[in-house]
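S.K.: My structure is in coords27.txt, and what it holds is compact mmCIF, C-alpha atoms:
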# COMPACT_ATOMS: atom_id res chain seq x y z
CA MET A 1 0.00 0.00 0.00
CA SER A 2 1.37 3.39 -1.00
CA ARG A 3 1.81 5.86 1.85
CA THR A 4 2.51 9.58 2.05
CA ALA A 5 5.27 10.39 4.53
CA VAL A 6 6.79 13.59 5.86
CA ILE A 7 10.29 13.69 7.30
CA ALA A 8 10.74 16.89 9.28
CA GLY A 9 14.39 17.79 9.73
CA VAL A 10 16.12 16.09 6.81
CA GLY A 11 19.90 16.29 6.73
CA PRO A 12 22.91 14.26 5.61
CA GLY A 13 23.13 10.93 7.42
CA LEU A 14 20.05 9.43 9.04
CA GLY A 15 17.64 11.92 7.48
CA GLU A 16 18.76 10.95 3.98
CA SER A 17 18.64 7.26 4.87
CA LEU A 18 15.10 7.60 6.17
CA ALA A 19 14.00 9.31 2.98
CA ARG A 20 15.65 6.73 0.75
CA THR A 21 14.35 3.78 2.79
CA PHE A 22 10.78 5.04 2.86
CA ILE A 23 10.80 5.65 -0.89
CA ASP A 24 12.26 2.20 -1.48
CA GLU A 25 9.36 0.80 0.55
CA GLY A 26 6.82 2.51 -1.70
CA CYS A 27 6.22 5.85 0.04
CA GLN A 28 5.99 9.28 -1.46
CA VAL A 29 7.94 11.57 0.84
CA GLY A 30 7.83 15.25 1.72
CA LEU A 31 11.26 16.46 2.82
CA PHE A 32 11.29 19.35 5.31
CA ALA A 33 14.43 21.33 6.15
CA ARG A 34 15.57 24.94 6.25
CA SER A 35 18.23 24.53 3.55
CA ALA A 36 16.60 24.89 0.13
CA SER A 37 19.73 24.05 -1.87
CA TYR A 38 20.37 20.85 0.08
CA LEU A 39 16.75 19.74 -0.23
CA GLU A 40 16.62 20.38 -3.96
CA SER A 41 19.80 18.36 -4.48
CA LEU A 42 18.53 15.46 -2.38
CA SER A 43 15.10 15.51 -4.02
CA ALA A 44 16.68 15.36 -7.47
CA THR A 45 18.65 12.30 -6.39
CA LEU A 46 15.60 10.54 -4.95
CA GLY A 47 13.33 11.14 -7.94
CA ASP A 48 9.65 11.91 -8.43
CA ASP A 49 8.56 10.30 -5.15
CA ALA A 50 10.39 13.00 -3.16
CA LEU A 51 9.18 16.56 -2.68
CA ALA A 52 11.54 19.21 -1.30
CA VAL A 53 9.72 21.72 0.92
CA GLN A 54 11.84 24.39 2.56
CA THR A 55 10.41 24.68 6.06
CA ASP A 56 11.32 26.28 9.36
CA ILE A 57 9.39 24.05 11.74
CA THR A 58 9.57 26.69 14.49
CA SER A 59 6.92 28.58 12.47
CA PRO A 60 3.47 26.94 12.71
CA ASP A 61 2.36 28.93 9.66
CA GLN A 62 5.23 27.54 7.57
CA VAL A 63 4.49 24.04 8.85
CA ALA A 64 0.82 24.32 7.85
CA ALA A 65 1.74 25.63 4.39
CA SER A 66 4.30 22.86 3.89
CA PHE A 67 1.81 20.13 4.78
CA GLU A 68 -0.66 21.64 2.31
CA GLN A 69 2.02 21.46 -0.37
CA VAL A 70 2.63 17.78 0.40
CA ARG A 71 -1.10 17.02 0.37
CA GLY A 72 -1.47 18.78 -2.97
CA GLU A 73 1.29 16.68 -4.50
CA PHE A 74 0.89 13.29 -2.80
CA GLY A 75 -2.35 13.30 -0.79
CA PRO A 76 -3.05 13.07 2.98
CA VAL A 77 -0.14 12.23 5.25
CA ASP A 78 0.06 8.69 6.68
CA VAL A 79 3.53 8.80 8.26
CA LEU A 80 5.43 11.56 10.06
CA VAL A 81 9.00 11.40 11.31
CA ASN A 82 9.86 14.24 13.69
CA HIS A 83 13.62 14.15 13.18
CA ALA A 84 14.61 17.78 13.77
CA SER A 85 16.54 18.79 16.86
CA GLY A 86 18.69 21.66 17.98
CA GLY A 87 20.46 23.14 20.93
CA ALA A 88 23.61 25.03 21.73
CA TRP A 89 26.20 22.74 23.29
CA LYS A 90 26.59 24.93 26.35
CA GLY A 91 26.30 24.56 30.10
CA THR A 92 24.14 26.32 32.65
CA GLN A 93 26.16 29.52 32.88
CA GLU A 94 27.04 29.84 29.21
CA ILE A 95 23.73 29.27 27.43
CA THR A 96 21.59 32.30 26.69
CA HIS A 97 17.83 32.47 27.13
CA ASP A 98 17.37 32.75 23.36
CA GLU A 99 19.56 29.68 22.73
CA PHE A 100 17.58 27.67 25.26
CA GLN A 101 14.27 28.79 23.77
CA ARG A 102 15.52 27.90 20.29
CA ALA A 103 16.19 24.31 21.38
CA LEU A 104 12.63 24.02 22.70
CA ALA A 105 11.19 25.68 19.59
CA VAL A 106 12.85 23.18 17.25
CA GLY A 107 12.40 19.94 19.21
CA PRO A 108 9.16 19.72 21.20
CA ALA A 109 7.35 22.77 19.79
CA GLY A 110 8.28 22.03 16.19
CA GLY A 111 7.41 18.37 16.69
CA LEU A 112 4.01 19.34 18.06
CA ALA A 113 3.27 21.67 15.14
CA CYS A 114 4.09 18.94 12.61
CA SER A 115 2.18 16.32 14.57
CA GLN A 116 -0.96 18.44 14.77
CA GLU A 117 -1.00 18.75 10.98
CA ALA A 118 -0.38 15.03 10.45
CA VAL A 119 -2.92 13.91 13.05
CA ASP A 120 -5.69 15.77 11.23
CA ASP A 121 -5.03 13.64 8.15
CA MET A 122 -4.63 10.41 10.12
CA LEU A 123 -7.86 10.81 12.07
CA ALA A 124 -9.74 11.53 8.85
CA GLY A 125 -8.24 8.43 7.22
CA ASP A 126 -7.19 5.00 8.41
CA GLY A 127 -4.77 6.10 11.13
CA GLY A 128 -1.03 6.39 10.71
CA THR A 129 2.37 6.49 12.36
CA ILE A 130 4.32 9.28 14.06
CA ILE A 131 7.94 8.66 15.05
CA PHE A 132 10.14 10.94 17.14
CA THR A 133 13.93 10.72 16.98
CA GLY A 134 15.35 10.76 20.49
CA ALA A 135 18.76 10.39 22.06
CA THR A 136 20.37 9.21 25.27
CA SER A 137 19.94 12.81 26.41
CA ALA A 138 16.20 12.10 26.54
CA VAL A 139 16.72 9.74 29.49
CA GLN A 140 19.96 11.05 31.00
CA GLY A 141 21.00 14.68 31.10
CA ARG A 142 24.24 15.53 29.34
CA ASP A 143 26.95 17.64 30.92
CA GLY A 144 27.46 20.86 29.00
CA ALA A 145 24.28 20.57 26.93
CA VAL A 146 21.41 21.84 29.06
CA GLY A 147 19.39 23.11 26.09
CA PHE A 148 19.74 19.94 24.02
CA SER A 149 19.00 17.70 27.01
CA ALA A 150 15.98 19.70 28.15
CA ALA A 151 14.54 19.64 24.63
CA LYS A 152 15.08 15.89 24.24
CA PHE A 153 13.42 15.19 27.61
CA ALA A 154 10.46 17.31 26.47
CA VAL A 155 10.23 15.46 23.15
CA ARG A 156 10.13 12.13 24.97
CA GLY A 157 7.29 13.33 27.20
CA LEU A 158 5.40 14.67 24.20
CA ALA A 159 5.76 11.37 22.33
CA GLU A 160 4.66 9.25 25.30
CA SER A 161 1.63 11.44 25.97
CA MET A 162 0.61 11.39 22.32
CA ALA A 163 1.03 7.60 22.16
CA ARG A 164 -1.42 7.08 24.99
CA GLU A 165 -3.88 9.63 23.64
CA LEU A 166 -3.81 8.65 19.97
CA GLY A 167 -3.20 4.90 20.10
CA PRO A 168 -6.89 4.13 20.65
CA GLU A 169 -7.61 6.30 17.60
CA GLY A 170 -5.44 4.14 15.34
CA ILE A 171 -2.33 6.33 15.37
CA HIS A 172 0.94 4.65 16.34
CA VAL A 173 3.32 7.06 18.10
CA ALA A 174 6.85 5.88 18.92
CA HIS A 175 9.98 7.43 20.37
CA VAL A 176 13.38 6.09 19.22
CA ILE A 177 16.42 6.48 21.47
CA ILE A 178 19.68 6.60 19.50
CA ASP A 179 23.03 6.51 21.25
CA GLY A 180 26.29 7.06 19.39
CA GLN A 181 27.61 8.85 16.34
CA ILE A 182 26.02 8.01 13.00
CA LEU A 183 28.32 7.23 10.09
CA PRO A 184 28.79 10.47 8.12
CA PRO A 185 28.07 10.51 4.37
CA ASP A 186 31.66 11.48 3.57
CA THR A 187 33.82 8.53 4.64
CA ALA A 188 36.83 10.83 4.60
CA ASP A 189 35.50 12.20 7.87
CA THR A 190 36.11 8.81 9.49
CA ALA A 191 39.81 8.61 8.66
CA ASP A 192 40.86 8.97 12.30
CA ARG A 193 38.34 6.44 13.61
CA ASP A 194 37.24 2.87 12.89
CA ALA A 195 34.20 3.11 10.63
CA GLN A 196 32.66 0.10 12.39
CA SER A 197 32.41 2.14 15.59
CA TYR A 198 29.78 4.33 13.94
CA LEU A 199 26.07 3.56 13.75
CA ASP A 200 24.81 2.58 10.31
CA PRO A 201 22.08 5.06 9.25
CA ASP A 202 20.54 2.59 6.79
CA GLU A 203 20.08 -0.02 9.54
CA ILE A 204 18.49 2.57 11.82
CA ALA A 205 16.18 3.65 9.00
CA GLN A 206 15.02 0.05 8.65
CA SER A 207 14.12 0.05 12.35
CA TYR A 208 11.97 3.12 11.75
CA TRP A 209 10.25 1.38 8.85
CA HIS A 210 9.49 -1.65 11.03
CA LEU A 211 7.63 0.73 13.36
CA VAL A 212 5.53 1.93 10.42
CA GLU A 213 4.62 -1.63 9.48
CA GLN A 214 3.95 -2.95 12.98
CA ASP A 215 0.62 -4.60 13.60
CA ARG A 216 -1.50 -2.67 16.07
CA SER A 217 -1.36 -5.57 18.52
CA ALA A 218 2.42 -5.09 18.80
CA TRP A 219 2.77 -1.31 18.66
CA THR A 220 5.98 -0.01 20.23
CA LEU A 221 5.91 3.04 22.48
CA GLU A 222 9.68 3.36 22.80
CA LEU A 223 12.45 1.72 20.79
CA ASP A 224 15.82 1.89 22.52
CA LEU A 225 18.69 1.46 20.06
CA ARG A 226 21.43 1.96 22.61
CA PRO A 227 23.77 -1.04 22.22
CA HIS A 228 23.82 -1.89 25.93
CA VAL A 229 20.05 -1.86 26.41
CA GLU A 230 17.59 -4.49 25.18
CA GLU A 231 14.88 -3.30 22.81
CA PHE A 232 11.37 -3.33 24.15
Could you write out this structure as structure tokens?

M.R.:
Amino acid sequence: MSRTAVIAGVGPGLGESLARTFIDEGCQVGLFARSASYLESLSATLGDDALAVQTDITSPDQVAASFEQVRGEFGPVDVLVNHASGGAWKGTQEITHDEFQRALAVGPAGGLACSQEAVDDMLAGDGGTIIFTGATSAVQGRDGAVGFSAAKFAVRGLAESMARELGPEGIHVAHVIIDGQILPPDTADTADRDAQSYLDPDEIAQSYWHLVEQDRSAWTLELDLRPHVEEF
């Protein structure tokens, strides 16, 4: 069955792998990011099933307009991946109020804006799937990254609340915890490190796709991809 997906926060690495994997699985995909030139280049590589939509997800008006563009091209949205995150890598005394607010605007607030648009389509149709990209910082605060950690904790709470609210309505909401550095697209960047110590973005993207395909009787609330923790 063909699905319409939106990936909010597409960038080199996992974002690209998610887009490519979803298209390979038969989806038509709207690609949201702030960089127009990057999106256009990626969309050209992926073909007619990809739509580049320059979007600042901190603006609800831009988010609404971008979803309308995707609907006009591909139809109602069945799958949303909230992949965007941000945050100055600063500690308590260094981070500014604006930097802290920016982290919250991108992660939880941007994720909410995108989810509200997608949920409208999913409730009017046959349900759907919403996936949030998390990190170890969503379960354990990180020294020197108060903005990033606070935003990731908020995203986790948002995802868990939405899962309990929307699950009975046929909408699968999952939060994925990723720990470790993802293999960069340019392998030259790994010259000083064993490439096998990186996470494979294509394998992670397959885990996301499994969440999309899960039967309702086995829906996952949280998928923990940290290597030392069992998945549940």

S.K.: Could you work out an axis-aligned bounding box for all listed atoms of range 32-46 of chain A, with 8 Å added on each of the six sides, and give its centre and edge lengths in Å to one decimal, as AutoDock Vina command-line options?

M.R.:
--center_x 15.8 --center_y 17.7 --center_z -0.6 --size_x 25.1 --size_y 30.4 --size_z 29.7

S.K.: Measure the distance from CA of Tyr38 in chain A to CA of Ala113 in chain A in Å and round it to one decimal.

M.R.: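 Calculated distance between CA of Tyr38 in chain A and CA of Ala113 in chain A is 22.8 Å.
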
S.K.: Compare A:Gln116, A:Val106, A:Leu31, A:Arg164 by their minimum atom-to-atom distance to Ser59 in chain A, counting only C-alpha atoms, and give me the closest one.

M.R.: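 Nearest candidate to Ser59 in chain A out of A:Gln116, A:Val106, A:Leu31, A:Arg164: A:Val106.
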
S.K.: Can you work out the spacing between CA of Leu211 in chain A and CA of Glu40 in chain A in Å, to one decimal?

M.R.: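 If I compute the distance from CA of Leu211 in chain A to CA of Glu40 in chain A, I get 27.7 Å.
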
S.K.: What separation in Å, quoted to one decimal, exists between CA of Gly47 in chain A and CA of Ala5 in chain A?

M.R.: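 Separation of CA of Gly47 in chain A and CA of Ala5 in chain A: 14.9 Å.
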
S.K.: Between A:Ala88, A:Ala65, A:Ala154, A:Ile204, which is the closest to Pro108 in chain A once you count only C-alpha atoms?

M.R.: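 Checking each of A:Ala88, A:Ala65, A:Ala154, A:Ile204 against Pro108 in chain A, counting only C-alpha atoms, the winner is A:Ala154.
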
S.K.: With 10 Å as the threshold, what does the neighbourhood of (5.6, 14.7, 22.8) contain in terms of residues, counting only C-alpha atoms? Coordinates are those of the file; answer as number ranges by chain.

M.R.: A: 107-109, 111-112, 115, 132, 152-163, 173-175

S.K.: Got a sec: who's within 10 Å of range 98-100 of chain A, counting all atoms listed in the file, leaving out chain neighbours fewer than 2 positions off, as a list in words?

M.R.: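 Listed by chain and then number, they are Gly86, Gly87, Ala88, Trp89, Lys90, Thr92, Glu94, Ile95, Thr96, Arg102, Ala103, Leu104, Ala105, Ala145, Val146, Gly147, Phe148, Ala150 and Ala151 of chain A.
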
S.K.: For Phe67 in chain A, list every protein, DNA or RNA residue within 9 Å, evaluated using all atoms listed in the file, and leave out those in the same chain fewer than 6 positions away; present the list as a ChimeraX atom specification.

M.R.: /A:6,30,53,76-77,114,117-118

S.K.: Would you mind telling me which residue in A:Leu46, A:Val70, A:Ile171, A:Ala135 lies nearest to Asp215 in chain A when using only C-alpha atoms?

M.R.: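 Among the listed residues, the smallest separation from Asp215 in chain A belongs to A:Ile171.
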
S.K.: (4.5, -0.7, 10.4) in this file's frame - what residues fall within 12 Å of it? Use only C-alpha atoms and give the answer as number ranges by chain.

M.R.: A: 1, 3, 22, 25, 78-79, 127-131, 171-174, 206-220
